[in-house]
>>> print(open('final-v8.cif').read())   # mmCIF, C-alpha atoms
data_query
loop_
_atom_site.label_atom_id
_atom_site.label_comp_id
_atom_site.auth_asym_id
_atom_site.auth_seq_id
_atom_site.Cartn_x
_atom_site.Cartn_y
_atom_site.Cartn_z
CA MET A 1 6.07 12.91 -16.53
CA ALA A 2 2.77 12.26 -14.83
CA ARG A 3 -0.23 11.69 -17.10
CA ILE A 4 -2.71 13.09 -14.55
CA THR A 5 -2.14 16.42 -12.85
CA GLN A 6 -0.45 16.34 -9.47
CA VAL A 7 -2.49 19.12 -7.86
CA SER A 8 -0.36 21.91 -6.40
CA ASP A 9 -1.13 23.57 -3.09
CA THR A 10 -2.28 26.71 -4.87
CA ALA A 11 -4.55 24.86 -7.32
CA ALA A 12 -6.14 22.57 -4.73
CA ALA A 13 -9.89 22.81 -4.18
CA PRO A 14 -10.74 23.90 -0.63
CA GLU A 15 -11.55 20.31 0.43
CA ALA A 16 -8.25 19.04 -0.95
CA ALA A 17 -6.33 21.98 0.54
CA ALA A 18 -7.67 21.10 3.99
CA LEU A 19 -6.59 17.49 3.51
CA PHE A 20 -3.16 18.64 2.29
CA THR A 21 -2.77 20.65 5.50
CA ALA A 22 -3.61 17.59 7.58
CA ILE A 23 -1.20 15.40 5.57
CA LYS A 24 1.62 17.93 5.95
CA GLY A 25 0.92 18.05 9.69
CA LYS A 26 1.38 14.28 9.92
CA ILE A 27 4.26 13.59 7.53
CA GLY A 28 5.67 17.00 6.62
CA MET A 29 4.87 16.82 2.89
CA VAL A 30 2.14 15.81 0.47
CA PRO A 31 3.20 12.79 -1.59
CA ASN A 32 2.46 13.00 -5.30
CA LEU A 33 0.01 10.08 -5.06
CA TYR A 34 -2.19 12.24 -2.83
CA ARG A 35 -1.75 15.16 -5.24
CA VAL A 36 -3.09 12.95 -8.06
CA ALA A 37 -6.01 11.77 -5.92
CA ALA A 38 -6.77 15.42 -5.07
CA ASN A 39 -8.15 15.90 -8.58
CA GLN A 40 -11.29 14.53 -6.93
CA PRO A 41 -11.20 15.51 -3.23
CA ALA A 42 -13.72 12.79 -2.35
CA VAL A 43 -11.27 10.18 -3.67
CA LEU A 44 -8.43 11.66 -1.62
CA ALA A 45 -10.64 11.69 1.48
CA ALA A 46 -11.69 8.09 0.84
CA MET A 47 -8.08 6.95 0.38
CA LEU A 48 -6.97 8.65 3.57
CA GLY A 49 -10.01 7.42 5.47
CA LEU A 50 -9.50 3.82 4.41
CA ASN A 51 -5.86 3.86 5.44
CA GLU A 52 -6.67 5.51 8.76
CA THR A 53 -9.42 2.98 9.45
CA LEU A 54 -7.17 0.04 8.57
CA ALA A 55 -4.54 1.42 10.96
CA GLY A 56 -7.11 0.71 13.69
CA GLY A 57 -7.20 -2.99 12.80
CA SER A 58 -5.14 -5.69 14.43
CA PHE A 59 -2.19 -5.50 12.02
CA ASP A 60 0.62 -3.25 13.19
CA ALA A 61 2.30 -0.70 10.90
CA ARG A 62 5.11 -3.07 9.95
CA THR A 63 2.63 -5.75 8.84
CA ARG A 64 0.56 -3.25 6.85
CA GLU A 65 3.74 -1.99 5.18
CA ALA A 66 4.83 -5.57 4.41
CA ILE A 67 1.50 -6.10 2.65
CA ALA A 68 1.89 -2.80 0.81
CA LEU A 69 5.34 -3.82 -0.42
CA THR A 70 4.15 -7.27 -1.45
CA VAL A 71 1.23 -5.84 -3.41
CA ALA A 72 3.51 -3.24 -5.02
CA GLY A 73 5.86 -6.04 -6.05
CA ALA A 74 3.05 -8.19 -7.40
CA ASN A 75 1.61 -5.26 -9.37
CA ALA A 76 4.99 -3.83 -10.43
CA CYS A 77 4.19 -0.43 -8.92
CA ASP A 78 7.47 1.44 -8.63
CA TYR A 79 5.81 4.43 -6.92
CA CYS A 80 4.37 2.28 -4.11
CA ALA A 81 7.55 0.22 -3.86
CA SER A 82 9.46 3.47 -3.37
CA ALA A 83 6.99 5.01 -0.92
CA HIS A 84 6.51 1.91 1.21
CA ALA A 85 10.23 1.09 1.23
CA ALA A 86 10.82 4.60 2.62
CA ILE A 87 8.05 4.20 5.19
CA SER A 88 9.35 0.76 6.18
CA SER A 89 12.87 2.18 6.57
CA GLY A 90 11.38 4.78 8.90
CA LEU A 91 9.91 1.90 10.92
CA LYS A 92 13.45 0.47 11.22
CA VAL A 93 12.77 -2.44 8.86
CA ALA A 94 16.06 -3.79 7.51
CA PRO A 95 16.80 -3.31 3.78
CA GLU A 96 16.95 -7.08 3.16
CA THR A 97 13.55 -7.46 4.83
CA ILE A 98 12.13 -4.74 2.59
CA ASP A 99 13.49 -6.62 -0.43
CA ALA A 100 11.91 -9.84 0.84
CA HIS A 101 8.55 -8.12 1.34
CA LEU A 102 8.67 -6.78 -2.23
CA SER A 103 8.96 -10.42 -3.29
CA GLY A 104 6.14 -11.55 -0.99
CA ARG A 105 8.41 -13.24 1.54
CA SER A 106 9.12 -12.90 5.25
CA ASP A 107 11.22 -14.76 7.81
CA ASP A 108 8.45 -14.25 10.37
CA PRO A 109 5.99 -17.16 10.03
CA ARG A 110 2.85 -15.09 10.69
CA THR A 111 3.89 -12.32 8.31
CA ALA A 112 4.91 -14.93 5.73
CA ALA A 113 1.41 -16.46 5.88
CA ILE A 114 -0.19 -13.03 5.44
CA LEU A 115 2.06 -12.23 2.48
CA ARG A 116 1.44 -15.60 0.81
CA LEU A 117 -2.28 -14.90 1.06
CA ALA A 118 -1.77 -11.36 -0.28
CA VAL A 119 0.15 -12.71 -3.29
CA ALA A 120 -2.58 -15.27 -3.92
CA ILE A 121 -5.28 -12.59 -3.75
CA VAL A 122 -3.47 -10.38 -6.27
CA ALA A 123 -2.60 -13.25 -8.60
CA ALA A 124 -6.14 -14.63 -8.58
CA LYS A 125 -7.79 -11.18 -8.70
CA GLY A 126 -9.51 -12.13 -5.46
CA MET A 127 -10.73 -15.51 -6.68
CA VAL A 128 -8.49 -17.51 -4.37
CA VAL A 129 -8.96 -21.26 -4.17
CA ASP A 130 -9.82 -23.23 -1.05
CA ALA A 131 -6.20 -24.34 -0.76
CA ASP A 132 -5.11 -20.70 -0.30
CA LEU A 133 -7.51 -20.24 2.60
CA ASP A 134 -6.65 -23.65 4.03
CA ALA A 135 -2.95 -22.72 3.98
CA ALA A 136 -3.66 -19.38 5.68
CA ARG A 137 -5.69 -21.09 8.40
CA ALA A 138 -3.09 -23.84 8.83
CA ALA A 139 -0.50 -21.10 9.38
CA GLY A 140 -2.62 -19.71 12.20
CA LEU A 141 -4.48 -16.88 10.49
CA THR A 142 -7.94 -16.26 11.88
CA GLU A 143 -11.01 -15.27 9.90
CA ALA A 144 -10.40 -11.70 11.08
CA ASP A 145 -6.79 -11.87 9.83
CA ILE A 146 -7.95 -13.12 6.43
CA VAL A 147 -10.52 -10.33 6.10
CA GLU A 148 -7.99 -7.72 7.23
CA THR A 149 -5.48 -9.05 4.70
CA VAL A 150 -8.04 -8.69 1.91
CA ALA A 151 -8.82 -5.12 2.99
CA ASN A 152 -5.14 -4.13 3.03
CA VAL A 153 -4.53 -5.77 -0.34
CA VAL A 154 -7.47 -3.92 -1.89
CA ALA A 155 -6.36 -0.56 -0.44
CA ASN A 156 -2.95 -1.07 -2.00
CA ILE A 157 -4.29 -2.28 -5.34
CA PHE A 158 -6.19 1.01 -5.52
CA THR A 159 -3.03 3.07 -5.04
CA ASN A 160 -1.04 0.82 -7.41
CA TYR A 161 -3.62 1.19 -10.15
CA LEU A 162 -3.99 4.94 -9.66
CA ASN A 163 -0.21 5.27 -9.95
CA HIS A 164 -0.17 3.10 -13.09
CA VAL A 165 -2.90 5.19 -14.72
CA ALA A 166 -1.37 8.51 -13.65
CA ASP A 167 2.29 7.52 -14.06
CA THR A 168 2.81 9.40 -10.81
CA ASP A 169 6.19 11.08 -10.41
CA ILE A 170 8.12 9.28 -7.67
CA ASP A 171 8.93 11.64 -4.82
CA PHE A 172 10.65 9.12 -2.53
CA PRO A 173 14.04 7.43 -2.99
CA ALA A 174 13.27 5.47 -6.16
CA ARG A 175 12.93 1.68 -6.00
CA LYS A 176 11.98 -0.80 -8.65
CA ALA A 177 9.14 -3.11 -7.72
CA ARG A 178 9.77 -6.79 -8.14
CA ALA A 179 6.99 -8.97 -9.47
CA ALA A 180 6.19 -11.71 -6.95
#
>>> encode(input="final-v8.cif", output="structure tokens")
Amino acid sequence: MARITQVSDTAAAPEAAALFTAIKGKIGMVPNLYRVAANQPAVLAAMLGLNETLAGGSFDARTREAIALTVAGANACDYCASAHAAISSGLKVAPETIDAHLSGRSDDPRTAAILRLAVAIVAAKGMVVDADLDAARAAGLTEADIVETVANVVANIFTNYLNHVADTDIDFPARKARAA
């Protein structure tokens, strides 16, 4: 049972209700994470805005979802593991690849470098060592890629932590996160 209210459509403040309508228009439902965030409509708007802005970066949806799964695994967030596994499945990502991403791994060298950096960022709480950046650069990541990785990691840490605090009810096919 969630520890923070998952705001219903009828109880939503006007600002949150408008955002719910937009979310439903895009994905057909309002995930419980967004219902928790709707307790403060500005937080919901910020969360949605950050994700929309990051979608305009250079990483494609599959890469962003790989990062989301890796961060969920590193932070043991079952809600995000479940949500991002479902989203990745919708992007035609194979189940074994989803499992690998939850563990911070990828067979694709570029994605693997991004995920290694993401794991290092989470493990070091952002205080990565020079060797982490050297490894990312040696694998071909640019400064822009490194900055975009940090931004995606932080966006997902926010949702992981909100789910941990709220104990958000999982409304996707349930998955267990695996610690990286």
>>> resolve_selection(input="final-v8.cif", expression="the PyMOL selection byres ((chain A and resi 121) around 12)", output="count of residues only")
36
>>> atom_distance(input="final-v8.cif", atom1="CA of Arg64 (chain A)", atom2="CA of Cys77 (chain A)")
16.4 Å
>>> resolve_selection(input="final-v8.cif", expression="the PyMOL selection byres ((chain A and resi 60-62) around 10)", output="PyMOL selection string")
chain A and resi 54-59+63-68+87-89+91-93+111
>>> atom_distance(input="final-v8.cif", atom1="CA of Thr159 (chain A)", atom2="CA of Ala46 (chain A)")
11.6 Å
>>> resolve_selection(input="final-v8.cif", expression="the PyMOL selection byres ((chain A and resi 168) around 12)", output="PyMOL selection string")
chain A and resi 1-7+31-37+77-80+82-83+159-167+169-172
>>> residues_near_point(input="final-v8.cif", point="(9.1, -11.1, -4.9)", cutoff="9 Å", atoms="all atoms listed in the file", output="MDAnalysis selection string")
chainID A and resid 70 73:74 99:105 177:180
>>> axis_aligned_box(input="final-v8.cif", around="region 17-28 of chain A", padding_each_side="8 Å", output="JSON")
{"center_x": -1.0, "center_y": 17.8, "center_z": 5.2, "size_x": 29.3, "size_y": 24.4, "size_z": 25.4}
>>> residues_around(input="final-v8.cif", residues="Asp9 (chain A)", least_positions_apart="3", cutoff="8 Å", atoms="all atoms listed in the file", output="ChimeraX atom specification")
/A:12,17,20
>>> atom_distance(input="final-v8.cif", atom1="CA of Pro173 (chain A)", atom2="CA of Ala13 (chain A)")
28.5 Å
>>> residues_around(input="final-v8.cif", residues="Pro41 (chain A)", least_positions_apart="3", cutoff="7 Å", atoms="all atoms listed in the file", output="JSON, numbers by chain")
{"A": [15, 16, 37, 38, 44, 45]}
>>> decode(input="final-v8.cif", residues="region 59-97 of chain A", atoms="N, CA and C atoms", output="mmCIF file, in the first residue's frame")
data_model
loop_
_atom_site.group_PDB
_atom_site.id
_atom_site.type_symbol
_atom_site.label_atom_id
_atom_site.label_comp_id
_atom_site.auth_asym_id
_atom_site.auth_seq_id
_atom_site.Cartn_x
_atom_site.Cartn_y
_atom_site.Cartn_z
ATOM 1 N N PHE A 59 20.391 11.037 -27.218
ATOM 2 C CA PHE A 59 20.127 9.627 -26.926
ATOM 3 C C PHE A 59 18.728 9.257 -27.416
ATOM 4 N N ASP A 60 18.630 8.138 -28.106
ATOM 5 C CA ASP A 60 17.319 7.678 -28.552
ATOM 6 C C ASP A 60 16.558 7.054 -27.379
ATOM 7 N N ALA A 61 15.292 6.714 -27.632
ATOM 8 C CA ALA A 61 14.434 6.176 -26.567
ATOM 9 C C ALA A 61 15.006 4.894 -25.967
ATOM 10 N N ARG A 62 15.560 4.035 -26.795
ATOM 11 C CA ARG A 62 16.113 2.779 -26.280
ATOM 12 C C ARG A 62 17.282 3.046 -25.325
ATOM 13 N N THR A 63 18.122 4.013 -25.655
ATOM 14 C CA THR A 63 19.258 4.333 -24.783
ATOM 15 C C THR A 63 18.766 4.934 -23.478
ATOM 16 N N ARG A 64 17.800 5.852 -23.561
ATOM 17 C CA ARG A 64 17.255 6.448 -22.333
ATOM 18 C C ARG A 64 16.610 5.378 -21.453
ATOM 19 N N GLU A 65 15.923 4.432 -22.071
ATOM 20 C CA GLU A 65 15.301 3.353 -21.299
ATOM 21 C C GLU A 65 16.354 2.424 -20.709
ATOM 22 N N ALA A 66 17.450 2.192 -21.430
ATOM 23 C CA ALA A 66 18.540 1.370 -20.882
ATOM 24 C C ALA A 66 19.112 2.030 -19.637
ATOM 25 N N ILE A 67 19.300 3.347 -19.693
ATOM 26 C CA ILE A 67 19.784 4.074 -18.514
ATOM 27 C C ILE A 67 18.771 3.957 -17.382
ATOM 28 N N ALA A 68 17.499 4.139 -17.696
ATOM 29 C CA ALA A 68 16.453 4.056 -16.670
ATOM 30 C C ALA A 68 16.466 2.686 -15.987
ATOM 31 N N LEU A 69 16.616 1.635 -16.771
ATOM 32 C CA LEU A 69 16.663 0.288 -16.198
ATOM 33 C C LEU A 69 17.912 0.094 -15.347
ATOM 34 N N THR A 70 19.037 0.581 -15.822
ATOM 35 C CA THR A 70 20.284 0.452 -15.066
ATOM 36 C C THR A 70 20.189 1.179 -13.730
ATOM 37 N N VAL A 71 19.651 2.387 -13.750
ATOM 38 C CA VAL A 71 19.517 3.158 -12.512
ATOM 39 C C VAL A 71 18.508 2.478 -11.581
ATOM 40 N N ALA A 72 17.419 1.964 -12.134
ATOM 41 C CA ALA A 72 16.449 1.229 -11.311
ATOM 42 C C ALA A 72 17.107 0.016 -10.664
ATOM 43 N N GLY A 73 17.939 -0.692 -11.424
ATOM 44 C CA GLY A 73 18.645 -1.841 -10.866
ATOM 45 C C GLY A 73 19.612 -1.429 -9.780
ATOM 46 N N ALA A 74 20.367 -0.373 -10.029
ATOM 47 C CA ALA A 74 21.352 0.093 -9.051
ATOM 48 C C ALA A 74 20.699 0.594 -7.777
ATOM 49 N N ASN A 75 19.501 1.170 -7.902
ATOM 50 C CA ASN A 75 18.797 1.712 -6.739
ATOM 51 C C ASN A 75 17.713 0.775 -6.208
ATOM 52 N N ALA A 76 17.630 -0.427 -6.757
ATOM 53 C CA ALA A 76 16.637 -1.421 -6.326
ATOM 54 C C ALA A 76 15.222 -0.853 -6.327
ATOM 55 N N CYS A 77 14.864 -0.167 -7.404
ATOM 56 C CA CYS A 77 13.519 0.402 -7.527
ATOM 57 C C CYS A 77 12.647 -0.525 -8.371
ATOM 58 N N ASP A 78 11.829 -1.308 -7.704
ATOM 59 C CA ASP A 78 10.967 -2.254 -8.409
ATOM 60 C C ASP A 78 9.937 -1.542 -9.282
ATOM 61 N N TYR A 79 9.424 -0.397 -8.825
ATOM 62 C CA TYR A 79 8.447 0.331 -9.649
ATOM 63 C C TYR A 79 9.087 0.723 -10.984
ATOM 64 N N CYS A 80 10.251 1.357 -10.937
ATOM 65 C CA CYS A 80 10.895 1.801 -12.181
ATOM 66 C C CYS A 80 11.372 0.624 -13.013
ATOM 67 N N ALA A 81 11.829 -0.439 -12.379
ATOM 68 C CA ALA A 81 12.200 -1.636 -13.135
ATOM 69 C C ALA A 81 10.989 -2.148 -13.907
ATOM 70 N N SER A 82 9.841 -2.166 -13.253
ATOM 71 C CA SER A 82 8.611 -2.643 -13.890
ATOM 72 C C SER A 82 8.171 -1.714 -15.017
ATOM 73 N N ALA A 83 8.139 -0.416 -14.738
ATOM 74 C CA ALA A 83 7.682 0.549 -15.736
ATOM 75 C C ALA A 83 8.601 0.566 -16.952
ATOM 76 N N HIS A 84 9.906 0.638 -16.716
ATOM 77 C CA HIS A 84 10.836 0.767 -17.837
ATOM 78 C C HIS A 84 11.039 -0.553 -18.577
ATOM 79 N N ALA A 85 10.819 -1.684 -17.911
ATOM 80 C CA ALA A 85 10.808 -2.960 -18.629
ATOM 81 C C ALA A 85 9.617 -2.995 -19.582
ATOM 82 N N ALA A 86 8.462 -2.509 -19.128
ATOM 83 C CA ALA A 86 7.275 -2.474 -19.993
ATOM 84 C C ALA A 86 7.488 -1.517 -21.171
ATOM 85 N N ILE A 87 8.052 -0.353 -20.885
ATOM 86 C CA ILE A 87 8.312 0.610 -21.962
ATOM 87 C C ILE A 87 9.323 0.023 -22.946
ATOM 88 N N SER A 88 10.374 -0.587 -22.439
ATOM 89 C CA SER A 88 11.386 -1.190 -23.313
ATOM 90 C C SER A 88 10.783 -2.303 -24.162
ATOM 91 N N SER A 89 9.916 -3.111 -23.573
ATOM 92 C CA SER A 89 9.228 -4.157 -24.347
ATOM 93 C C SER A 89 8.440 -3.531 -25.496
ATOM 94 N N GLY A 90 7.795 -2.405 -25.206
ATOM 95 C CA GLY A 90 7.050 -1.695 -26.243
ATOM 96 C C GLY A 90 7.945 -1.153 -27.354
ATOM 97 N N LEU A 91 9.221 -0.953 -27.023
ATOM 98 C CA LEU A 91 10.209 -0.506 -28.017
ATOM 99 C C LEU A 91 10.867 -1.705 -28.704
ATOM 100 N N LYS A 92 10.328 -2.898 -28.475
ATOM 101 C CA LYS A 92 10.822 -4.144 -29.074
ATOM 102 C C LYS A 92 12.217 -4.542 -28.589
ATOM 103 N N VAL A 93 12.529 -4.180 -27.334
ATOM 104 C CA VAL A 93 13.782 -4.613 -26.724
ATOM 105 C C VAL A 93 13.557 -6.031 -26.190
ATOM 106 N N ALA A 94 14.472 -6.921 -26.515
ATOM 107 C CA ALA A 94 14.344 -8.325 -26.117
ATOM 108 C C ALA A 94 14.407 -8.483 -24.601
ATOM 109 N N PRO A 95 13.676 -9.464 -24.051
ATOM 110 C CA PRO A 95 13.673 -9.682 -22.595
ATOM 111 C C PRO A 95 15.072 -9.857 -21.998
ATOM 112 N N GLU A 96 15.956 -10.575 -22.686
ATOM 113 C CA GLU A 96 17.303 -10.777 -22.146
ATOM 114 C C GLU A 96 18.098 -9.473 -22.151
ATOM 115 N N THR A 97 17.794 -8.589 -23.088
ATOM 116 C CA THR A 97 18.458 -7.277 -23.108
ATOM 117 C C THR A 97 17.950 -6.418 -21.959
#
